[in-house]
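upload-v8.cif, holding mmCIF, C-alpha atoms:
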```cif
data_my_file
#
loop_
_atom_site.group_PDB
_atom_site.id
_atom_site.type_symbol
_atom_site.label_atom_id
_atom_site.label_comp_id
_atom_site.auth_asym_id
_atom_site.auth_seq_id
_atom_site.Cartn_x
_atom_site.Cartn_y
_atom_site.Cartn_z
ATOM 1 C CA MET O 1133 19.971 48.945 -31.937
ATOM 2 C CA GLN O 1134 23.518 47.955 -32.850
ATOM 3 C CA THR O 1135 24.659 44.324 -33.149
ATOM 4 C CA LEU O 1136 28.267 43.103 -33.414
ATOM 5 C CA LEU O 1137 29.095 39.461 -34.140
ATOM 6 C CA PHE O 1138 31.906 37.404 -32.661
ATOM 7 C CA GLU O 1139 32.348 33.990 -34.294
ATOM 8 C CA PRO O 1140 35.244 32.076 -32.703
ATOM 9 C CA ALA O 1141 36.131 28.440 -33.236
ATOM 10 C CA ALA O 1142 34.881 26.082 -30.533
ATOM 11 C CA ALA O 1143 36.210 22.978 -28.825
ATOM 12 C CA PHE O 1144 34.794 20.541 -26.303
ATOM 13 C CA ARG O 1145 36.620 20.190 -22.997
ATOM 14 C CA GLY O 1146 37.802 16.713 -22.070
ATOM 15 C CA SER O 1147 35.135 14.088 -22.681
ATOM 16 C CA ARG O 1148 32.215 16.519 -22.724
ATOM 17 C CA ASP O 1149 29.781 16.665 -25.633
ATOM 18 C CA TYR O 1150 28.810 20.332 -25.194
ATOM 19 C CA VAL O 1151 30.534 23.718 -25.105
ATOM 20 C CA HIS O 1152 31.560 24.304 -21.503
ATOM 21 C CA SER O 1153 30.278 27.260 -19.507
ATOM 22 C CA THR O 1154 33.838 28.389 -18.745
ATOM 23 C CA ASP O 1155 34.509 28.719 -22.482
ATOM 24 C CA ILE O 1156 31.298 30.683 -22.972
ATOM 25 C CA TYR O 1157 32.413 33.089 -20.231
ATOM 26 C CA GLU O 1158 35.898 33.447 -21.733
ATOM 27 C CA GLU O 1159 34.581 33.960 -25.280
ATOM 28 C CA ILE O 1160 32.254 36.725 -24.125
ATOM 29 C CA LEU O 1161 35.270 38.518 -22.661
ATOM 30 C CA ALA O 1162 37.290 37.837 -25.822
ATOM 31 C CA GLY O 1163 34.462 39.158 -27.995
ATOM 32 C CA ALA O 1164 34.216 42.319 -25.925
ATOM 33 C CA ARG O 1165 37.973 42.888 -26.268
ATOM 34 C CA TYR O 1166 37.782 42.222 -30.022
ATOM 35 C CA HIS O 1167 35.090 44.862 -30.500
ATOM 36 C CA GLY O 1168 36.515 47.323 -27.969
ATOM 37 C CA ILE O 1169 33.537 47.002 -25.630
ATOM 38 C CA PRO O 1170 34.378 47.903 -22.009
ATOM 39 C CA LEU O 1171 33.132 45.369 -19.489
ATOM 40 C CA ASP O 1172 33.544 47.170 -16.185
ATOM 41 C CA CYS O 1173 30.188 45.852 -15.091
ATOM 42 C CA GLY O 1174 28.255 42.981 -13.594
ATOM 43 C CA PHE O 1175 27.711 39.694 -15.386
ATOM 44 C CA ASP O 1176 24.693 37.389 -15.572
ATOM 45 C CA LEU O 1177 25.132 34.320 -17.786
ATOM 46 C CA ARG O 1178 22.044 32.157 -18.231
ATOM 47 C CA ILE O 1179 22.518 28.873 -20.062
ATOM 48 C CA LEU O 1180 19.188 27.916 -21.558
ATOM 49 C CA ARG O 1181 20.226 24.589 -23.093
ATOM 50 C CA LYS O 1182 23.305 22.500 -23.832
ATOM 51 C CA ILE O 1183 25.312 23.958 -26.706
ATOM 52 C CA CYS O 1184 26.468 21.080 -28.895
ATOM 53 C CA CYS O 1185 27.357 22.963 -32.122
ATOM 54 C CA ARG O 1186 29.634 25.984 -32.616
ATOM 55 C CA PRO O 1187 28.082 29.056 -30.998
ATOM 56 C CA VAL O 1188 28.027 32.621 -32.316
ATOM 57 C CA TYR O 1189 28.061 35.592 -29.942
ATOM 58 C CA SER O 1190 25.908 38.620 -30.824
ATOM 59 C CA PHE O 1191 26.759 41.758 -28.841
ATOM 60 C CA ILE O 1192 23.606 43.879 -28.798
ATOM 61 C CA LYS O 1193 23.683 47.542 -27.774
ATOM 62 C CA ASP O 1194 20.713 49.420 -26.387
ATOM 63 C CA GLY O 1195 18.211 46.651 -27.025
ATOM 64 C CA ASP O 1196 16.507 43.720 -25.376
ATOM 65 C CA VAL O 1197 17.865 40.246 -25.985
ATOM 66 C CA ASP O 1198 15.401 38.085 -27.900
ATOM 67 C CA THR O 1199 15.671 34.640 -26.317
ATOM 68 C CA ALA O 1200 13.558 32.812 -28.924
ATOM 69 C CA ASP O 1201 16.511 31.034 -30.577
ATOM 70 C CA ALA O 1202 19.141 31.678 -27.903
ATOM 71 C CA ALA O 1203 21.107 28.833 -26.338
ATOM 72 C CA ALA O 1204 22.402 31.226 -23.676
ATOM 73 C CA ILE O 1205 22.314 34.918 -22.860
ATOM 74 C CA ALA O 1206 24.622 37.184 -20.913
ATOM 75 C CA LEU O 1207 23.059 40.243 -19.336
ATOM 76 C CA LEU O 1208 25.645 42.848 -18.380
ATOM 77 C CA PRO O 1209 24.248 45.101 -15.639
ATOM 78 C CA GLY O 1210 25.905 48.511 -15.826
ATOM 79 C CA SER O 1211 26.673 48.171 -19.543
ATOM 80 C CA SER O 1212 24.680 49.227 -22.607
ATOM 81 C CA TRP O 1213 25.583 45.866 -24.192
ATOM 82 C CA GLN O 1214 23.999 42.428 -23.804
ATOM 83 C CA VAL O 1215 25.088 39.158 -25.417
ATOM 84 C CA LYS O 1216 23.003 36.535 -27.182
ATOM 85 C CA ILE O 1217 24.586 33.151 -27.828
ATOM 86 C CA THR O 1218 23.098 31.041 -30.627
ATOM 87 C CA GLU O 1219 24.146 27.737 -32.165
ATOM 88 C CA THR O 1220 25.186 27.372 -35.768
ATOM 89 C CA ALA O 1221 24.781 24.106 -37.678
ATOM 90 C CA GLU O 1222 28.561 23.612 -37.609
ATOM 91 C CA PRO O 1223 29.632 20.606 -35.508
ATOM 92 C CA VAL O 1224 32.335 20.985 -32.883
ATOM 93 C CA LEU O 1225 35.158 18.648 -33.873
ATOM 94 C CA ALA O 1226 38.059 19.952 -31.785
ATOM 95 C CA ARG O 1227 38.822 18.948 -28.211
ATOM 96 C CA LYS O 1228 41.057 20.454 -25.578
ATOM 97 C CA SER O 1229 42.300 19.114 -22.288
ATOM 98 C CA TYR O 1230 40.644 20.146 -19.063
ATOM 99 C CA ASP O 1231 42.305 18.905 -15.889
ATOM 100 C CA GLU O 1232 39.308 19.323 -13.630
ATOM 101 C CA GLN O 1233 40.694 16.539 -11.435
ATOM 102 C CA LYS O 1234 43.571 18.856 -10.516
ATOM 103 C CA ILE O 1235 41.040 21.186 -8.885
ATOM 104 C CA PHE O 1236 39.115 18.303 -7.326
ATOM 105 C CA SER O 1237 42.280 16.900 -5.734
ATOM 106 C CA ALA O 1238 43.297 20.273 -4.297
ATOM 107 C CA SER O 1239 39.856 21.082 -2.867
ATOM 108 C CA ARG O 1240 38.654 20.714 0.710
ATOM 109 C CA ILE O 1241 35.041 20.567 1.897
ATOM 110 C CA ALA O 1242 34.091 21.934 5.318
ATOM 111 C CA GLY O 1243 30.349 21.739 5.933
ATOM 112 C CA SER O 1244 28.622 23.706 3.172
ATOM 113 C CA ARG O 1245 31.861 25.327 1.914
ATOM 114 C CA ILE O 1246 34.492 24.139 -0.562
ATOM 115 C CA SER O 1247 37.808 25.850 -1.284
ATOM 116 C CA LEU O 1248 41.322 25.104 -2.477
ATOM 117 C CA ALA O 1249 43.951 23.833 -0.087
ATOM 118 C CA GLU O 1250 46.764 24.653 -2.522
ATOM 119 C CA PRO O 1251 47.271 26.653 -5.747
ATOM 120 C CA VAL O 1252 46.329 24.958 -9.019
ATOM 121 C CA GLY O 1253 47.340 27.580 -11.593
ATOM 122 C CA MET O 1254 43.996 27.648 -13.402
ATOM 123 C CA ARG O 1255 41.612 30.444 -14.393
ATOM 124 C CA PRO O 1256 39.184 31.709 -11.722
ATOM 125 C CA VAL O 1257 36.069 30.773 -13.728
ATOM 126 C CA GLU O 1258 37.473 27.227 -14.037
ATOM 127 C CA VAL O 1259 38.175 27.077 -10.307
ATOM 128 C CA ALA O 1260 34.730 28.371 -9.315
ATOM 129 C CA THR O 1261 32.811 25.972 -11.542
ATOM 130 C CA ALA O 1262 34.989 22.932 -10.778
ATOM 131 C CA LEU O 1263 34.809 23.542 -7.033
ATOM 132 C CA SER O 1264 31.036 23.673 -7.299
ATOM 133 C CA VAL O 1265 30.898 20.510 -9.415
ATOM 134 C CA ASN O 1266 33.070 18.675 -6.888
ATOM 135 C CA PHE O 1267 30.917 19.866 -3.995
ATOM 136 C CA HIS O 1268 27.749 18.680 -5.733
ATOM 137 C CA LYS O 1269 29.217 15.310 -6.667
ATOM 138 C CA SER O 1270 30.340 14.770 -3.078
ATOM 139 C CA SER O 1271 27.335 16.190 -1.238
ATOM 140 C CA PHE O 1272 24.512 15.316 -3.639
ATOM 141 C CA PRO O 1273 25.732 12.384 -5.796
ATOM 142 C CA PRO O 1274 23.773 12.249 -9.063
ATOM 143 C CA ASN O 1275 22.036 9.097 -10.231
ATOM 144 C CA PRO O 1276 23.584 7.234 -13.173
ATOM 145 C CA GLY O 1277 22.896 9.043 -16.436
ATOM 146 C CA THR O 1278 22.478 12.457 -14.789
ATOM 147 C CA ARG O 1279 24.952 15.200 -13.955
ATOM 148 C CA TRP O 1280 25.078 18.553 -12.227
ATOM 149 C CA LEU O 1281 25.246 21.385 -14.789
ATOM 150 C CA LEU O 1282 25.735 25.119 -14.424
ATOM 151 C CA ALA O 1283 22.537 26.962 -15.346
ATOM 152 C CA ARG O 1284 23.412 30.489 -14.225
ATOM 153 C CA LEU O 1285 26.496 32.482 -13.245
ATOM 154 C CA GLU O 1286 25.863 35.876 -11.652
ATOM 155 C CA LEU O 1287 28.739 38.208 -10.768
ATOM 156 C CA SER O 1288 28.757 41.689 -9.275
ATOM 157 C CA ARG O 1289 32.078 42.114 -11.122
ATOM 158 C CA LEU O 1290 34.163 39.988 -13.449
ATOM 159 C CA PHE O 1291 36.637 37.469 -12.048
ATOM 160 C CA ARG O 1292 40.178 38.755 -11.479
ATOM 161 C CA ASP O 1293 43.035 36.510 -12.597
ATOM 162 C CA GLU O 1294 44.925 36.906 -9.338
ATOM 163 C CA GLU O 1295 42.078 35.566 -7.178
ATOM 164 C CA SER O 1296 42.000 32.007 -8.584
ATOM 165 C CA ASP O 1297 43.505 30.389 -5.503
ATOM 166 C CA ASP O 1298 41.445 32.395 -2.990
ATOM 167 C CA LEU O 1299 37.976 31.527 -4.262
ATOM 168 C CA ALA O 1300 35.514 29.473 -2.242
ATOM 169 C CA ILE O 1301 31.986 28.242 -2.913
ATOM 170 C CA GLU O 1302 29.364 28.272 -0.158
ATOM 171 C CA LEU O 1303 26.021 26.520 -0.570
ATOM 172 C CA GLU O 1304 23.152 28.943 0.073
ATOM 173 C CA ARG O 1305 20.221 26.631 -0.478
ATOM 174 C CA ARG O 1306 18.994 23.525 -2.204
ATOM 175 C CA VAL O 1307 15.662 23.689 -4.014
ATOM 176 C CA GLY O 1308 14.158 20.208 -4.055
ATOM 177 C CA LYS O 1309 16.620 17.621 -5.304
ATOM 178 C CA LYS O 1310 17.459 19.170 -8.669
ATOM 179 C CA MET O 1311 18.581 22.749 -8.086
ATOM 180 C CA THR O 1312 21.039 24.596 -5.860
ATOM 181 C CA ARG O 1313 22.261 28.147 -5.387
ATOM 182 C CA SER O 1314 25.740 28.878 -4.036
ATOM 183 C CA ARG O 1315 27.769 31.990 -3.220
ATOM 184 C CA ILE O 1316 31.132 32.680 -4.865
ATOM 185 C CA VAL O 1317 33.429 34.154 -2.225
ATOM 186 C CA SER O 1318 36.760 35.864 -2.867
ATOM 187 C CA ALA O 1319 39.225 37.498 -0.476
ATOM 188 C CA ASP O 1320 37.086 40.661 -0.484
ATOM 189 C CA GLY O 1321 33.772 38.908 0.152
ATOM 190 C CA ALA O 1322 30.918 37.487 -1.908
ATOM 191 C CA ILE O 1323 31.160 38.430 -5.590
ATOM 192 C CA GLY O 1324 28.356 36.358 -7.106
ATOM 193 C CA THR O 1325 26.321 33.176 -7.232
ATOM 194 C CA LEU O 1326 26.148 29.897 -9.134
ATOM 195 C CA THR O 1327 22.926 28.071 -9.886
ATOM 196 C CA PHE O 1328 23.284 24.375 -10.691
ATOM 197 C CA ILE O 1329 20.639 21.965 -11.955
ATOM 198 C CA LEU O 1330 20.585 18.190 -12.085
ATOM 199 C CA ALA O 1331 19.857 17.007 -15.629
#
```

Take the structure in the file and give it back as structure tokens.
Amino acid sequence: MQTLLFEPAAAFRGSRDYVHSTDIYEEILAGARYHGIPLDCGFDLRILRKICCRPVYSFIKDGDVDTADAAAIALLPGSSWQVKITETAEPVLARKSYDEQKIFSASRIAGSRISLAEPVGMRPVEVATALSVNFHKSSFPPNPGTRWLLARLELSRLFRDEESDDLAIELERRVGKKMTRSRIVSADGAIGTLTFILA
């Protein structure tokens, strides 16, 4: 079993106190590029807990991911590699801007579907997650002190940069009051799902 480490710096987005799921997605892609790992495959990111310290990404070939101390895992169907994300003891001190409101303002809800009414010039993973957050806030407003968080991102293929403005999110089902599952739809049909939890 081969393991390759990727140890990038980390920054919180906006006012958040945890490493954002969109950054985890992007760092997995960056780590794969750094190590020359092809990612022409599916993608299944499972966030097991909030990541509040700098994470390290372990790319594991031909082995099962041990989730005992993992904060998140990325299973890559169709690849011989999997990714385990663990927290270090190093605090995250940097912050970067995240204009989620730009996506909120450009979005339109029609029944159980939310999409963009105009281009926003942001990455597709940012658009997909922000659209879903906006839908949840509007359709299922959280109680004070709680928020909707991404727990799982499943893709049949990776996002393509050019499809940012064509993505839509369609609610598939709500499980009780604290979990939902939604489809991610691009111009060529459904490409994955998002699972959100209220925490």

Q. What residues come out when you apply the PyMOL selection byres ((chain O and resi 1278-1290) around 6) to this file, written as a list in words?
A.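 Checking the PyMOL selection byres ((chain O and resi 1278-1290) around 6) against this file, the residues are Cys1173, Gly1174, Phe1175, Asp1176, Leu1177, Arg1178, Ile1179, Pro1274, Asn1275, Pro1276, Gly1277, Phe1291, Ile1323, Gly1324, Thr1325, Leu1326, Thr1327, Phe1328, Ile1329, Leu1330 and Ala1331 of chain O.
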
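Minimum atom-to-atom distances from O:Ile1156, O:Ile1192, O:Val1252, O:Ile1241 to Asp1298 in chain O were compared using all atoms listed in the file, and the lowest value belongs to O:Val1252.
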
Q. Residues around (48.1, 22.9, -10.4), cut-off 8 Å, counting all atoms listed in the file - what are they as number ranges by chain?
A. O: 1234-1235, 1251-1254

Q) Could you work out how far CA of Glu1159 in chain O lies from CA of Glu1250 in chain O, giving the answer in Å with one decimal? A) 27.4 Å

Q. With distances taken over only C-alpha atoms, which of O:Gly1321, O:Pro1223, O:Gly1243, O:Gly1308 is nearest to Ser1270 in chain O?
A.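 Closest to Ser1270 in chain O of all the choices is O:Gly1243.
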
Q. Mind telling me what the PyMOL selection byres ((chain O and resi 1185) around 6) catches here, as a ChimeraX atom specification?
A. /O:1183-1184,1186,1219,1222-1224

Q: For Ser1314 in chain O, please output as a VMD selection string all residues within 7 Å (counting all atoms listed in the file; exclusion window: fewer than 2 positions along the same chain).
A: chain O and resid 1301 to 1305 1312 1316 1325 to 1327

Q: Please evaluate the PyMOL selection byres ((chain O and resi 1144) around 9) against the structure above and give the resulting residues as a PyMOL selection string.
A: chain O and resi 1142-1143+1145-1152+1184+1224-1229

Q: Identify the residues around (18.3, 49.5, -25.3) within a radius of 7 Å, measuring from all atoms listed in the file in the coordinates stated by the file, and give them as a PyMOL selection string.
A: chain O and resi 1133+1193-1196+1212

Test item: axis-aligned box, all listed atoms of range 1294-1303 of chain O, 4 Å on each side, centre and edges in Å rounded to one decimal, as AutoDock Vina command-line options:
```
--center_x 35.5 --center_y 31.7 --center_z -4.7 --size_x 26.9 --size_y 18.4 --size_z 17.2
```

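The spacing separating CA of Asp1320 in chain O from CA of Glu1232 in chain O amounts to 25.2 Å.
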
Q: Please measure the separation of CA of Ala1200 in chain O and CA of Ala1162 in chain O, giving the value in Å to one decimal.
A: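 That distance, rounded to one decimal, is 24.5 Å.
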
**Q.** Selected residue of minimal separation from Glu1158 in chain O among O:Ala1238, O:Ile1246, O:Val1257, O:Leu1136, counting all atoms listed in the file
**A.** O:Val1257

Q: Find the residue from O:Arg1315, O:Phe1191, O:Lys1310, O:Asp1231 that sits nearest to Arg1165 in chain O; use only C-alpha atoms when measuring.
A: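 Nearest candidate to Arg1165 in chain O out of O:Arg1315, O:Phe1191, O:Lys1310, O:Asp1231: O:Phe1191.
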
Please provide as a PDB file with C-alpha atoms, keeping the file's coordinate frame all residues within 12 Å of His1167 in chain O, with the sequence filter that same-chain residues fewer than 6 positions apart are discarded (counting all atoms listed in the file).
```pdb
ATOM      1  CA  THR O1135      24.659  44.324 -33.149  1.00  0.00           C
ATOM      2  CA  LEU O1136      28.267  43.103 -33.414  1.00  0.00           C
ATOM      3  CA  LEU O1137      29.095  39.461 -34.140  1.00  0.00           C
ATOM      4  CA  PHE O1138      31.906  37.404 -32.661  1.00  0.00           C
ATOM      5  CA  GLU O1139      32.348  33.990 -34.294  1.00  0.00           C
ATOM      6  CA  ILE O1160      32.254  36.725 -24.125  1.00  0.00           C
ATOM      7  CA  LEU O1161      35.270  38.518 -22.661  1.00  0.00           C
ATOM      8  CA  TYR O1189      28.061  35.592 -29.942  1.00  0.00           C
ATOM      9  CA  SER O1190      25.908  38.620 -30.824  1.00  0.00           C
ATOM     10  CA  PHE O1191      26.759  41.758 -28.841  1.00  0.00           C
ATOM     11  CA  ILE O1192      23.606  43.879 -28.798  1.00  0.00           C
ATOM     12  CA  TRP O1213      25.583  45.866 -24.192  1.00  0.00           C
TER      13      TRP O1213
END
```

**Q.** O:Asn1266, O:Thr1199, O:Ser1211, O:Ser1237 ranked by distance to Arg1181 in chain O, top pick (using only C-alpha atoms)
**A.**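 Answer, going by the shortest atom-to-atom distance: O:Thr1199.
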
Q. Pick from O:Ser1318, O:Thr1154, O:Gln1134, O:Ser1296: nearest to Arg1255 in chain O, with all atoms listed in the file counted?
A.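 Among O:Ser1318, O:Thr1154, O:Gln1134, O:Ser1296, it is O:Ser1296 that comes nearest to Arg1255 in chain O.
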
Q | Distance query Ala1319 in chain O at most 10 Å, all atoms listed in the file, self and fewer than 5 positions along chain excluded, as an MDAnalysis selection string | A | chainID O and resid 1295 1297:1300
